[in-house]
Amino acid sequence: MSRMPRIKHLREAFLAMCVVASMGAHAALFSDDEARTAILELRQRVEAQKVASEAMQRRLTDENVNLRRSLLDLQNQIESLRAEQARMLGQAEQVTRELAEAQRRHGALSQAVDDRLRAMEPQKLAVDGREIVATPGEKREFEAALTIFRNGDFPGAQAAFLDFTKRYPKSGYNASALFWLGNAQYANRDFKEAVTNFRTMLAQAPDHARAAEAMLSIANCQIELKDARSARRTLEDVIRQYPQSEAAQAAKERLTKLR
């Protein structure tokens, strides 16, 4: 029991004692039955007040327990809400990161597609004094094969130019690729194949800047193959068809040696 109810009970007891004393002092005024009845009533009132006070105390105690329980439940709900908020914030941050990554990948993919489209888009280019139309990919592969040839790797150059002519049979680079393929084959002593590719090149582009060189190279292959008659005829064709070329001058010198 708390301090306040005890004080209240002491006050009530004191009042009761005072009443009893007063009744004793004035006993002459009341009969024994009346005094006894008054005392009983007073005791009943004191007991009723005590019971009521205890009931009130129990009710307050129960309310206090319920209030504490409610506060605890509310605190738990607040903590749960905070945890849920933190989880949702974490999810939002994850979604934001994933969205940024998706945008980055989309940008990279778009750039890659643009690059591939540009790589496939034909462009006007100049090679061996001629204006051609070719894709950046064709240009890159042709120049790579030519670099191999200039580095003296003739087997590698032969393979590279042969692959190029198969991959791009209609390329603007094809005549030049056949010329360098024939030269690589000549260097590899594959004279018959060299003659075939030089002739194919001349059939495709008789006005090619290297046409006179290609015809002279055919004569050189024929000389290596011990076909002097065909070589002489080819050298005469060089002189007749390309009289102002360096190849024509070289053809005249070779004709002199053949005689």
# chains A, B, ... in the order shown; residues from 1 in each chain; ligands from 1
>>> select_by_dssp(residues="stretch 123-245 of chain A", states="alpha helix (DSSP H)", output="ChimeraX atom specification")
/A:136-150,154-167,174-187,191-204,211-224,228-241
>>> write_last_selection(atoms="C-alpha atoms", output="CSV table (one decimal), in the first residue's frame")
chain,number,residue,atom,x,y,z
A,136,PRO,CA,35.9,0.3,-91.6
A,137,GLY,CA,36.2,-3.4,-90.9
A,138,GLU,CA,37.4,-4.2,-94.4
A,139,LYS,CA,39.9,-1.3,-94.2
A,140,ARG,CA,41.2,-2.6,-90.8
A,141,GLU,CA,41.6,-6.2,-92.0
A,142,PHE,CA,43.3,-5.2,-95.3
A,143,GLU,CA,45.8,-2.9,-93.6
A,144,ALA,CA,46.5,-5.6,-91.0
A,145,ALA,CA,47.3,-8.1,-93.8
A,146,LEU,CA,49.5,-5.6,-95.6
A,147,THR,CA,51.4,-4.9,-92.4
A,148,ILE,CA,52.1,-8.6,-92.1
A,149,PHE,CA,53.5,-8.6,-95.7
A,150,ARG,CA,55.7,-5.6,-95.1
A,154,PHE,CA,55.0,-14.0,-96.3
A,155,PRO,CA,53.2,-17.2,-95.2
A,156,GLY,CA,51.2,-15.1,-92.7
A,157,ALA,CA,50.5,-12.5,-95.4
A,158,GLN,CA,49.4,-15.1,-97.9
A,159,ALA,CA,46.9,-16.6,-95.3
A,160,ALA,CA,45.6,-13.1,-94.3
A,161,PHE,CA,45.1,-11.9,-97.9
A,162,LEU,CA,43.5,-15.2,-99.0
A,163,ASP,CA,41.1,-15.0,-96.0
A,164,PHE,CA,40.3,-11.4,-96.9
A,165,THR,CA,39.4,-12.3,-100.5
A,166,LYS,CA,37.1,-15.1,-99.3
A,167,ARG,CA,35.4,-12.9,-96.7
A,174,ASN,CA,39.7,-6.9,-103.5
A,175,ALA,CA,41.9,-6.0,-106.5
A,176,SER,CA,44.6,-4.7,-104.3
A,177,ALA,CA,44.2,-7.7,-102.0
A,178,LEU,CA,44.7,-10.1,-105.0
A,179,PHE,CA,47.8,-8.1,-106.0
A,180,TRP,CA,49.4,-8.5,-102.6
A,181,LEU,CA,48.2,-12.1,-102.3
A,182,GLY,CA,50.0,-12.9,-105.6
A,183,ASN,CA,53.2,-11.2,-104.3
A,184,ALA,CA,53.1,-13.2,-101.1
A,185,GLN,CA,52.6,-16.4,-103.1
A,186,TYR,CA,55.5,-15.5,-105.4
A,187,ALA,CA,57.7,-15.0,-102.3
A,191,PHE,CA,54.1,-19.5,-108.7
A,192,LYS,CA,51.1,-21.1,-110.3
A,193,GLU,CA,48.7,-19.7,-107.7
A,194,ALA,CA,50.4,-16.4,-107.9
A,195,VAL,CA,49.8,-16.3,-111.7
A,196,THR,CA,46.1,-17.2,-111.2
A,197,ASN,CA,45.5,-14.4,-108.7
A,198,PHE,CA,47.4,-11.7,-110.7
A,199,ARG,CA,45.3,-12.6,-113.7
A,200,THR,CA,42.1,-12.4,-111.6
A,201,MET,CA,43.2,-9.0,-110.4
A,202,LEU,CA,43.8,-7.8,-114.0
A,203,ALA,CA,40.4,-9.1,-115.1
A,204,GLN,CA,38.7,-7.2,-112.3
A,211,ALA,CA,48.2,-3.5,-113.2
A,212,ALA,CA,51.5,-3.1,-115.0
A,213,GLU,CA,53.3,-4.5,-111.9
A,214,ALA,CA,50.9,-7.4,-111.8
A,215,MET,CA,51.5,-8.3,-115.4
A,216,LEU,CA,55.3,-8.1,-114.9
A,217,SER,CA,54.9,-10.3,-111.9
A,218,ILE,CA,53.1,-12.9,-114.1
A,219,ALA,CA,56.1,-12.9,-116.4
A,220,ASN,CA,58.5,-13.4,-113.5
A,221,CYS,CA,56.4,-16.4,-112.3
A,222,GLN,CA,56.5,-17.8,-115.8
A,223,ILE,CA,60.3,-17.4,-115.9
A,224,GLU,CA,60.5,-19.3,-112.6
A,228,ALA,CA,60.2,-18.7,-121.5
A,229,ARG,CA,57.8,-18.5,-124.4
A,230,SER,CA,54.9,-17.4,-122.2
A,231,ALA,CA,57.1,-15.1,-120.3
A,232,ARG,CA,58.3,-13.4,-123.5
A,233,ARG,CA,54.7,-12.9,-124.6
A,234,THR,CA,53.7,-11.4,-121.3
A,235,LEU,CA,56.7,-9.0,-121.2
A,236,GLU,CA,55.7,-7.8,-124.7
A,237,ASP,CA,52.2,-7.2,-123.5
A,238,VAL,CA,53.5,-5.1,-120.6
A,239,ILE,CA,55.5,-2.9,-123.0
A,240,ARG,CA,52.6,-2.6,-125.4
A,241,GLN,CA,49.8,-1.9,-122.8
>>> select_by_dssp(residues="stretch 82-246 of chain A", states="strand (DSSP E)", output="list in words")
Gln123, Lys124, Leu125, Ala126, Val127, Arg130, Glu131, Ile132, Val133 and Ala134 of chain A
>>> write_last_selection(atoms="C-alpha atoms", output="short mmCIF file (atom, residue, chain, number, x, y, z; two decimals), in the first residue's frame")
data_model
loop_
_atom_site.label_atom_id
_atom_site.label_comp_id
_atom_site.auth_asym_id
_atom_site.auth_seq_id
_atom_site.Cartn_x
_atom_site.Cartn_y
_atom_site.Cartn_z
CA GLN A 123 32.82 4.81 -96.46
CA LYS A 124 34.66 6.34 -99.36
CA LEU A 125 38.36 5.54 -99.19
CA ALA A 126 41.42 5.84 -101.42
CA VAL A 127 43.72 2.88 -102.10
CA ARG A 130 41.58 4.60 -106.67
CA GLU A 131 38.51 5.76 -104.79
CA ILE A 132 36.63 2.81 -103.36
CA VAL A 133 33.73 2.19 -100.99
CA ALA A 134 34.44 -0.12 -98.06
#
>>> atom_distance(atom1="atom CA of A:Leu258", atom2="atom CA of A:Leu225")
13.7 Å
>>> atom_distance(atom1="atom CA of A:Arg97", atom2="atom CA of A:Arg82")
22.4 Å
>>> atom_distance(atom1="atom CA of A:Leu71", atom2="atom CA of A:Ala52")
28.0 Å
